[in-house]
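Undergrad: Here it is, the structure in full.
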Amino acid sequence: MKRHLLLPALLLAAFVHAAPPDNPDPAQPPSLRGAWRAYVSRSDVIVARTDTRYVFGNMGWALLTPNGPVHQDRYQIHDGKLYLYPNPKSVPEGFDPKTSALVATLDLLPDGTVRAFSLPDPTQPGRAIRCEREPSIPELSPQSLAGSYTIVQRRLGTDDTHEAPYTLTLTDQKTYTLAGEIPQGATYVTGTYAIQGSLLTLTPAAPSQGFWDNPTFFPHGEVLVLDNPDYSVHLIPQDGQSIVVPEEP
């Protein structure tokens, strides 16, 4: 299963000389404290999920990776920007740890609450890391996934979307079928699926290539998103069912 790791070194090239703002906002908004899941976005569309979270306290922050936490330094908010000052030991040569930071753009709700923040990827134009709050790890189950889904693909960089001429049906027995205008001889019409936490992976009954080569999806909002940075594909429930297991009270 392909996973997308967001290592701290990936964003080192995005460091800028960012002296602390003269008049930083007096208080960090309460909505910023906690863990934020990092996603890969292209042309403002989320296309993949990473295994990294940004974790904020009252004054400092850390990166939480599969290998454990990587503690950083302070952070500040000013004029719609989030300044993330790294651990001085990780600052590249030639940068002053006191005045170098990653600068993210805040996505605010009308009431001023932070909905997300984005860090540009300097190695690939149009690509960014978008972080959204994740209060808990959403869990999937065969019972919550059972149902039919419309498959919608979006061409990145445009508003052009395309609905597949067939639908996907998942059963609570961990099998799937496709129904509709299926290409003749397609080997991916039926298959099984596996759940690992909040990830769904489809496995065709016979080996396949291209999109149907064991695609993995993750829940985002009310849809399942293909975990592949090169494409934008959504599985949209046709009956509006909740795709994640409700949290226990």
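Identifiers in the structure tokens: chain A, B, ... in order shown; residue index from 1 per chain; ligand index from 1 in order shown.
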Would you mind writing down, as a ChimeraX atom specification, each residue of segment 91-204 of chain A that DSSP on the backbone assigns to alpha helix (DSSP H)?

TA: /A:142-145

Undergrad: Would you output that residue set with all heavy atoms, as a compact mmCIF listing (two decimals), in the first residue's frame?

TA:
```
# COMPACT_ATOMS: atom_id res chain seq x y z
N PRO A 142 -17.12 -2.32 7.29
CA PRO A 142 -17.93 -2.85 6.18
C PRO A 142 -19.38 -2.38 6.26
O PRO A 142 -20.02 -2.15 5.23
CB PRO A 142 -17.80 -4.37 6.36
CG PRO A 142 -16.49 -4.56 7.06
CD PRO A 142 -16.40 -3.38 8.00
N GLN A 143 -19.90 -2.24 7.48
CA GLN A 143 -21.29 -1.81 7.62
C GLN A 143 -21.50 -0.37 7.20
O GLN A 143 -22.48 -0.03 6.55
CB GLN A 143 -21.75 -2.01 9.07
CG GLN A 143 -21.87 -3.46 9.51
CD GLN A 143 -20.53 -4.16 9.66
OE1 GLN A 143 -19.53 -3.53 10.05
NE2 GLN A 143 -20.48 -5.44 9.35
N SER A 144 -20.55 0.51 7.57
CA SER A 144 -20.71 1.92 7.21
C SER A 144 -20.44 2.16 5.73
O SER A 144 -20.96 3.10 5.14
CB SER A 144 -19.79 2.80 8.05
OG SER A 144 -18.42 2.54 7.76
N LEU A 145 -19.62 1.30 5.11
CA LEU A 145 -19.26 1.49 3.71
C LEU A 145 -20.27 0.86 2.75
O LEU A 145 -20.32 1.24 1.57
CB LEU A 145 -17.88 0.89 3.43
CG LEU A 145 -16.68 1.63 4.03
CD1 LEU A 145 -15.42 0.81 3.82
CD2 LEU A 145 -16.53 3.01 3.41
```

Undergrad: Could you go through segment 69-197 of chain A and tell me which residues DSSP, when run on the backbone, assigns to strand (DSSP E), listing them as an mmCIF file with N, CA and C atoms, in the first residue's frame?

TA:
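And here's part.cif as it stands now:
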```
data_model
loop_
_atom_site.group_PDB
_atom_site.id
_atom_site.type_symbol
_atom_site.label_atom_id
_atom_site.label_comp_id
_atom_site.auth_asym_id
_atom_site.auth_seq_id
_atom_site.Cartn_x
_atom_site.Cartn_y
_atom_site.Cartn_z
ATOM 1 N N PRO A 69 7.102 12.031 17.547
ATOM 2 C CA PRO A 69 7.036 13.488 17.455
ATOM 3 C C PRO A 69 8.400 14.108 17.189
ATOM 4 N N VAL A 70 8.381 15.188 16.411
ATOM 5 C CA VAL A 70 9.583 15.984 16.155
ATOM 6 C C VAL A 70 9.274 17.385 16.666
ATOM 7 N N HIS A 71 9.776 17.715 17.833
ATOM 8 C CA HIS A 71 9.431 18.970 18.471
ATOM 9 C C HIS A 71 10.104 20.145 17.768
ATOM 10 N N GLN A 72 9.348 21.215 17.587
ATOM 11 C CA GLN A 72 9.831 22.400 16.907
ATOM 12 C C GLN A 72 9.924 23.560 17.906
ATOM 13 N N ASP A 73 9.723 24.784 17.444
ATOM 14 C CA ASP A 73 9.872 25.951 18.310
ATOM 15 C C ASP A 73 8.522 26.656 18.440
ATOM 16 N N ARG A 74 8.503 27.937 18.314
ATOM 17 C CA ARG A 74 7.290 28.715 18.521
ATOM 18 C C ARG A 74 6.537 28.905 17.203
ATOM 19 N N TYR A 75 5.351 29.478 17.308
ATOM 20 C CA TYR A 75 4.597 29.879 16.122
ATOM 21 C C TYR A 75 3.861 31.170 16.436
ATOM 22 N N GLN A 76 3.569 31.926 15.391
ATOM 23 C CA GLN A 76 2.846 33.185 15.533
ATOM 24 C C GLN A 76 1.878 33.346 14.372
ATOM 25 N N ILE A 77 0.826 34.117 14.622
ATOM 26 C CA ILE A 77 -0.162 34.431 13.593
ATOM 27 C C ILE A 77 -0.188 35.933 13.407
ATOM 28 N N HIS A 78 -0.142 36.353 12.151
ATOM 29 C CA HIS A 78 -0.170 37.793 11.874
ATOM 30 C C HIS A 78 -0.640 38.019 10.445
ATOM 31 N N LYS A 81 -1.384 35.138 8.129
ATOM 32 C CA LYS A 81 -0.300 34.199 7.910
ATOM 33 C C LYS A 81 0.056 33.480 9.212
ATOM 34 N N LEU A 82 0.502 32.239 9.073
ATOM 35 C CA LEU A 82 0.973 31.456 10.206
ATOM 36 C C LEU A 82 2.477 31.275 10.056
ATOM 37 N N TYR A 83 3.233 31.760 11.038
ATOM 38 C CA TYR A 83 4.690 31.663 11.023
ATOM 39 C C TYR A 83 5.107 30.489 11.900
ATOM 40 N N LEU A 84 5.731 29.486 11.284
ATOM 41 C CA LEU A 84 6.165 28.288 11.990
ATOM 42 C C LEU A 84 7.684 28.311 12.114
ATOM 43 N N SER A 100 14.021 32.815 10.774
ATOM 44 C CA SER A 100 13.664 31.969 9.634
ATOM 45 C C SER A 100 12.466 31.105 10.006
ATOM 46 N N ALA A 101 11.550 31.006 9.085
ATOM 47 C CA ALA A 101 10.314 30.282 9.394
ATOM 48 C C ALA A 101 9.676 29.744 8.132
ATOM 49 N N LEU A 102 8.783 28.794 8.322
ATOM 50 C CA LEU A 102 7.853 28.396 7.283
ATOM 51 C C LEU A 102 6.635 29.304 7.413
ATOM 52 N N VAL A 103 6.164 29.822 6.299
ATOM 53 C CA VAL A 103 5.030 30.745 6.330
ATOM 54 C C VAL A 103 3.852 30.101 5.608
ATOM 55 N N ALA A 104 2.769 29.872 6.360
ATOM 56 C CA ALA A 104 1.569 29.247 5.815
ATOM 57 C C ALA A 104 0.459 30.281 5.689
ATOM 58 N N THR A 105 -0.395 30.070 4.708
ATOM 59 C CA THR A 105 -1.563 30.925 4.513
ATOM 60 C C THR A 105 -2.760 30.314 5.240
ATOM 61 N N LEU A 106 -3.458 31.133 6.017
ATOM 62 C CA LEU A 106 -4.608 30.654 6.773
ATOM 63 C C LEU A 106 -5.877 30.707 5.934
ATOM 64 N N ASP A 107 -6.697 29.692 6.087
ATOM 65 C CA ASP A 107 -8.038 29.652 5.504
ATOM 66 C C ASP A 107 -9.008 29.834 6.659
ATOM 67 N N LEU A 108 -9.662 30.993 6.717
ATOM 68 C CA LEU A 108 -10.498 31.344 7.856
ATOM 69 C C LEU A 108 -11.976 31.254 7.526
ATOM 70 N N VAL A 114 -9.950 29.205 12.372
ATOM 71 C CA VAL A 114 -9.071 28.645 11.354
ATOM 72 C C VAL A 114 -9.665 27.338 10.825
ATOM 73 N N ARG A 115 -9.950 27.311 9.535
ATOM 74 C CA ARG A 115 -10.457 26.088 8.915
ATOM 75 C C ARG A 115 -9.312 25.205 8.435
ATOM 76 N N ALA A 116 -8.232 25.827 7.934
ATOM 77 C CA ALA A 116 -7.087 25.085 7.422
ATOM 78 C C ALA A 116 -5.930 26.059 7.242
ATOM 79 N N PHE A 117 -4.752 25.515 7.020
ATOM 80 C CA PHE A 117 -3.627 26.352 6.611
ATOM 81 C C PHE A 117 -2.823 25.592 5.562
ATOM 82 N N SER A 118 -2.175 26.342 4.665
ATOM 83 C CA SER A 118 -1.493 25.735 3.523
ATOM 84 C C SER A 118 -0.060 26.220 3.420
ATOM 85 N N LEU A 119 0.830 25.277 3.137
ATOM 86 C CA LEU A 119 2.239 25.553 2.897
ATOM 87 C C LEU A 119 2.558 25.190 1.456
ATOM 88 N N PRO A 120 3.095 26.110 0.659
ATOM 89 C CA PRO A 120 3.423 25.791 -0.732
ATOM 90 C C PRO A 120 4.584 24.804 -0.802
ATOM 91 N N ARG A 127 1.416 22.780 -6.266
ATOM 92 C CA ARG A 127 1.242 21.757 -5.229
ATOM 93 C C ARG A 127 1.496 22.388 -3.868
ATOM 94 N N ALA A 128 0.754 21.935 -2.868
ATOM 95 C CA ALA A 128 0.894 22.488 -1.520
ATOM 96 C C ALA A 128 0.562 21.415 -0.496
ATOM 97 N N ILE A 129 0.908 21.693 0.735
ATOM 98 C CA ILE A 129 0.494 20.878 1.868
ATOM 99 C C ILE A 129 -0.622 21.635 2.579
ATOM 100 N N ARG A 130 -1.805 21.046 2.630
ATOM 101 C CA ARG A 130 -2.955 21.654 3.290
ATOM 102 C C ARG A 130 -3.251 20.870 4.555
ATOM 103 N N CYS A 131 -3.322 21.565 5.671
ATOM 104 C CA CYS A 131 -3.560 20.919 6.962
ATOM 105 C C CYS A 131 -4.953 21.265 7.466
ATOM 106 N N GLU A 132 -5.702 20.228 7.820
ATOM 107 C CA GLU A 132 -7.044 20.395 8.344
ATOM 108 C C GLU A 132 -7.159 19.671 9.673
ATOM 109 N N ARG A 133 -7.986 20.212 10.544
ATOM 110 C CA ARG A 133 -8.111 19.632 11.882
ATOM 111 C C ARG A 133 -8.641 18.204 11.809
ATOM 112 N N GLY A 147 -22.932 0.040 0.282
ATOM 113 C CA GLY A 147 -23.790 0.913 -0.510
ATOM 114 C C GLY A 147 -23.195 1.154 -1.885
ATOM 115 N N SER A 148 -23.848 1.997 -2.667
ATOM 116 C CA SER A 148 -23.405 2.302 -4.024
ATOM 117 C C SER A 148 -22.799 3.690 -4.090
ATOM 118 N N TYR A 149 -21.802 3.837 -4.972
ATOM 119 C CA TYR A 149 -21.051 5.086 -5.071
ATOM 120 C C TYR A 149 -20.928 5.534 -6.519
ATOM 121 N N THR A 150 -21.081 6.835 -6.712
ATOM 122 C CA THR A 150 -20.776 7.452 -7.998
ATOM 123 C C THR A 150 -19.292 7.789 -8.028
ATOM 124 N N ILE A 151 -18.636 7.528 -9.153
ATOM 125 C CA ILE A 151 -17.209 7.784 -9.307
ATOM 126 C C ILE A 151 -17.036 9.062 -10.118
ATOM 127 N N VAL A 152 -16.455 10.077 -9.500
ATOM 128 C CA VAL A 152 -16.296 11.373 -10.148
ATOM 129 C C VAL A 152 -14.812 11.726 -10.206
ATOM 130 N N GLN A 153 -14.345 12.037 -11.402
ATOM 131 C CA GLN A 153 -12.953 12.433 -11.596
ATOM 132 C C GLN A 153 -12.903 13.898 -12.013
ATOM 133 N N ARG A 154 -11.923 14.616 -11.471
ATOM 134 C CA ARG A 154 -11.730 16.022 -11.816
ATOM 135 C C ARG A 154 -10.367 16.194 -12.451
ATOM 136 N N THR A 161 -15.138 18.196 -14.472
ATOM 137 C CA THR A 161 -15.354 16.924 -13.786
ATOM 138 C C THR A 161 -16.023 15.940 -14.727
ATOM 139 N N HIS A 162 -15.780 14.669 -14.478
ATOM 140 C CA HIS A 162 -16.329 13.615 -15.319
ATOM 141 C C HIS A 162 -16.863 12.504 -14.438
ATOM 142 N N GLU A 163 -18.101 12.117 -14.667
ATOM 143 C CA GLU A 163 -18.719 11.033 -13.910
ATOM 144 C C GLU A 163 -18.568 9.747 -14.695
ATOM 145 N N ALA A 164 -18.020 8.719 -14.055
ATOM 146 C CA ALA A 164 -17.817 7.437 -14.730
ATOM 147 C C ALA A 164 -19.160 6.847 -15.159
ATOM 148 N N PRO A 165 -19.195 6.119 -16.274
ATOM 149 C CA PRO A 165 -20.455 5.535 -16.759
ATOM 150 C C PRO A 165 -20.844 4.271 -16.006
ATOM 151 N N TYR A 166 -20.207 4.025 -14.882
ATOM 152 C CA TYR A 166 -20.571 2.866 -14.065
ATOM 153 C C TYR A 166 -20.476 3.255 -12.593
ATOM 154 N N THR A 167 -21.126 2.472 -11.761
ATOM 155 C CA THR A 167 -21.134 2.748 -10.321
ATOM 156 C C THR A 167 -20.426 1.625 -9.578
ATOM 157 N N LEU A 168 -19.967 1.954 -8.391
ATOM 158 C CA LEU A 168 -19.279 0.998 -7.526
ATOM 159 C C LEU A 168 -20.200 0.634 -6.366
ATOM 160 N N THR A 169 -20.329 -0.644 -6.096
ATOM 161 C CA THR A 169 -21.118 -1.102 -4.950
ATOM 162 C C THR A 169 -20.218 -1.882 -4.006
ATOM 163 N N LEU A 170 -20.212 -1.474 -2.749
ATOM 164 C CA LEU A 170 -19.485 -2.181 -1.704
ATOM 165 C C LEU A 170 -20.482 -2.943 -0.839
ATOM 166 N N THR A 175 -16.664 -7.211 -0.339
ATOM 167 C CA THR A 175 -16.540 -7.407 -1.776
ATOM 168 C C THR A 175 -17.054 -6.175 -2.487
ATOM 169 N N TYR A 176 -16.675 -6.030 -3.751
ATOM 170 C CA TYR A 176 -17.178 -4.909 -4.536
ATOM 171 C C TYR A 176 -17.550 -5.393 -5.933
ATOM 172 N N THR A 177 -18.457 -4.663 -6.574
ATOM 173 C CA THR A 177 -18.828 -4.910 -7.969
ATOM 174 C C THR A 177 -19.018 -3.576 -8.667
ATOM 175 N N LEU A 178 -18.833 -3.589 -9.970
ATOM 176 C CA LEU A 178 -19.101 -2.434 -10.815
ATOM 177 C C LEU A 178 -20.269 -2.765 -11.726
ATOM 178 N N ALA A 179 -21.140 -1.800 -11.935
ATOM 179 C CA ALA A 179 -22.306 -1.994 -12.796
ATOM 180 C C ALA A 179 -22.453 -0.787 -13.707
ATOM 181 N N GLY A 180 -22.750 -1.050 -14.968
ATOM 182 C CA GLY A 180 -22.916 0.038 -15.927
ATOM 183 C C GLY A 180 -22.185 -0.288 -17.216
ATOM 184 N N THR A 190 -15.226 -7.125 -10.589
ATOM 185 C CA THR A 190 -15.491 -7.612 -9.240
ATOM 186 C C THR A 190 -14.170 -7.702 -8.468
ATOM 187 N N GLY A 191 -14.292 -7.769 -7.166
ATOM 188 C CA GLY A 191 -13.092 -7.890 -6.341
ATOM 189 C C GLY A 191 -13.441 -7.801 -4.865
ATOM 190 N N THR A 192 -12.442 -7.631 -4.074
ATOM 191 C CA THR A 192 -12.606 -7.511 -2.628
ATOM 192 C C THR A 192 -12.030 -6.180 -2.166
ATOM 193 N N TYR A 193 -12.244 -5.873 -0.904
ATOM 194 C CA TYR A 193 -11.622 -4.676 -0.352
ATOM 195 C C TYR A 193 -11.137 -4.957 1.060
ATOM 196 N N ALA A 194 -10.174 -4.154 1.481
ATOM 197 C CA ALA A 194 -9.611 -4.277 2.821
ATOM 198 C C ALA A 194 -9.675 -2.924 3.506
ATOM 199 N N ILE A 195 -9.847 -2.963 4.809
ATOM 200 C CA ILE A 195 -9.898 -1.743 5.620
ATOM 201 C C ILE A 195 -8.735 -1.764 6.597
ATOM 202 N N GLN A 196 -8.002 -0.691 6.623
ATOM 203 C CA GLN A 196 -6.944 -0.528 7.607
ATOM 204 C C GLN A 196 -7.130 0.819 8.276
#
```

Undergrad: Which one is closest to His220 of chain A: A:Arg49, A:Arg42, A:Lys89, A:Arg33? Count only C-alpha atoms.

TA: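 Closest to His220 of chain A of all the choices is A:Arg49.
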
Undergrad: Given the choices A:Gln209, A:Thr52, A:Gln124, A:Ser232, which gets closest to Leu156 of chain A if the distance is worked out from only C-alpha atoms?

TA: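 Using only C-alpha atoms, Leu156 of chain A sits closest to A:Ser232.
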
Undergrad: Hey, which of A:Ala186, A:Val225, A:Ala62, A:Ile243 ends up closest to Gly210 of chain A? Count only C-alpha atoms.

TA: A:Ala186

Undergrad: With a distance cut-off of 10 Å and only C-alpha atoms, select the neighbouring residues of Ser242 of chain A, excluding the residue or stretch itself and same-chain residues fewer than 6 positions from it, and output the selection as a PyMOL selection string.

TA: chain A and resi 140+144-146+221-223

Undergrad: Can you work out which one of A:Asp111, A:Asp172, A:Glu134, A:Asp230 has the shortest atom-to-atom distance to Ser43 of chain A, counting only C-alpha atoms?

TA: A:Asp230

Undergrad: Looking at A:Gly68, A:Pro237, A:Gly112, A:Pro215, which one is nearest to Leu32 of chain A, with distances taken over only C-alpha atoms?

TA: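 Closest to Leu32 of chain A, using only C-alpha atoms: A:Gly112.
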
Undergrad: Quick one, how far is atom CA of Thr216 of chain A from atom CA of Asn228 of chain A?

TA: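 Taking atom CA of Thr216 of chain A as the start and atom CA of Asn228 of chain A as the end point, the length is 8.0 Å.
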
Undergrad: Considering only C-alpha atoms, return as an MDAnalysis selection string whatever protein or nucleic-acid residues lie within 8 Å of Tyr54 of chain A, sequence-local ones (same chain, fewer than 4 positions apart) excluded.

TA: chainID A and resid 35:38 61:64 131

Undergrad: For those residues, write N, CA and C atoms to a file as a short mmCIF file (atom, residue, chain, number, x, y, z; two decimals), in the first residue's frame.

TA:
```cif
data_model
loop_
_atom_site.label_atom_id
_atom_site.label_comp_id
_atom_site.auth_asym_id
_atom_site.auth_seq_id
_atom_site.Cartn_x
_atom_site.Cartn_y
_atom_site.Cartn_z
N ALA A 35 -4.26 18.74 16.96
CA ALA A 35 -3.59 18.08 15.83
C ALA A 35 -4.28 18.42 14.52
N TRP A 36 -3.47 18.61 13.48
CA TRP A 36 -3.95 18.94 12.14
C TRP A 36 -3.33 17.96 11.15
N ARG A 37 -4.15 17.25 10.41
CA ARG A 37 -3.68 16.28 9.42
C ARG A 37 -3.17 17.01 8.18
N ALA A 38 -2.02 16.55 7.67
CA ALA A 38 -1.44 17.14 6.47
C ALA A 38 -1.89 16.35 5.24
N TRP A 61 4.97 24.14 18.74
CA TRP A 61 4.36 23.19 17.83
C TRP A 61 5.32 22.02 17.60
N ALA A 62 4.79 20.94 16.99
CA ALA A 62 5.59 19.76 16.70
C ALA A 62 5.03 19.08 15.46
N LEU A 63 5.88 18.30 14.80
CA LEU A 63 5.44 17.42 13.73
C LEU A 63 5.31 16.02 14.31
N LEU A 64 4.17 15.40 14.11
CA LEU A 64 3.95 14.04 14.57
C LEU A 64 4.00 13.13 13.36
N CYS A 131 -3.32 21.57 5.67
CA CYS A 131 -3.56 20.92 6.96
C CYS A 131 -4.95 21.27 7.47
#
```

Undergrad: Which of these residues is nearest to Pro219 of chain A, using only C-alpha atoms: A:Gln184, A:Gln173, A:Ser141, A:Thr123?

TA: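 Residue with the minimum atom-to-atom distance to Pro219 of chain A: A:Ser141.
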
Undergrad: Quick one: pull the distance between atom CA of Pro229 of chain A and atom CA of Val40 of chain A, Å, one decimal.

TA: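 Distance reported for this atom pair: 6.8 Å.
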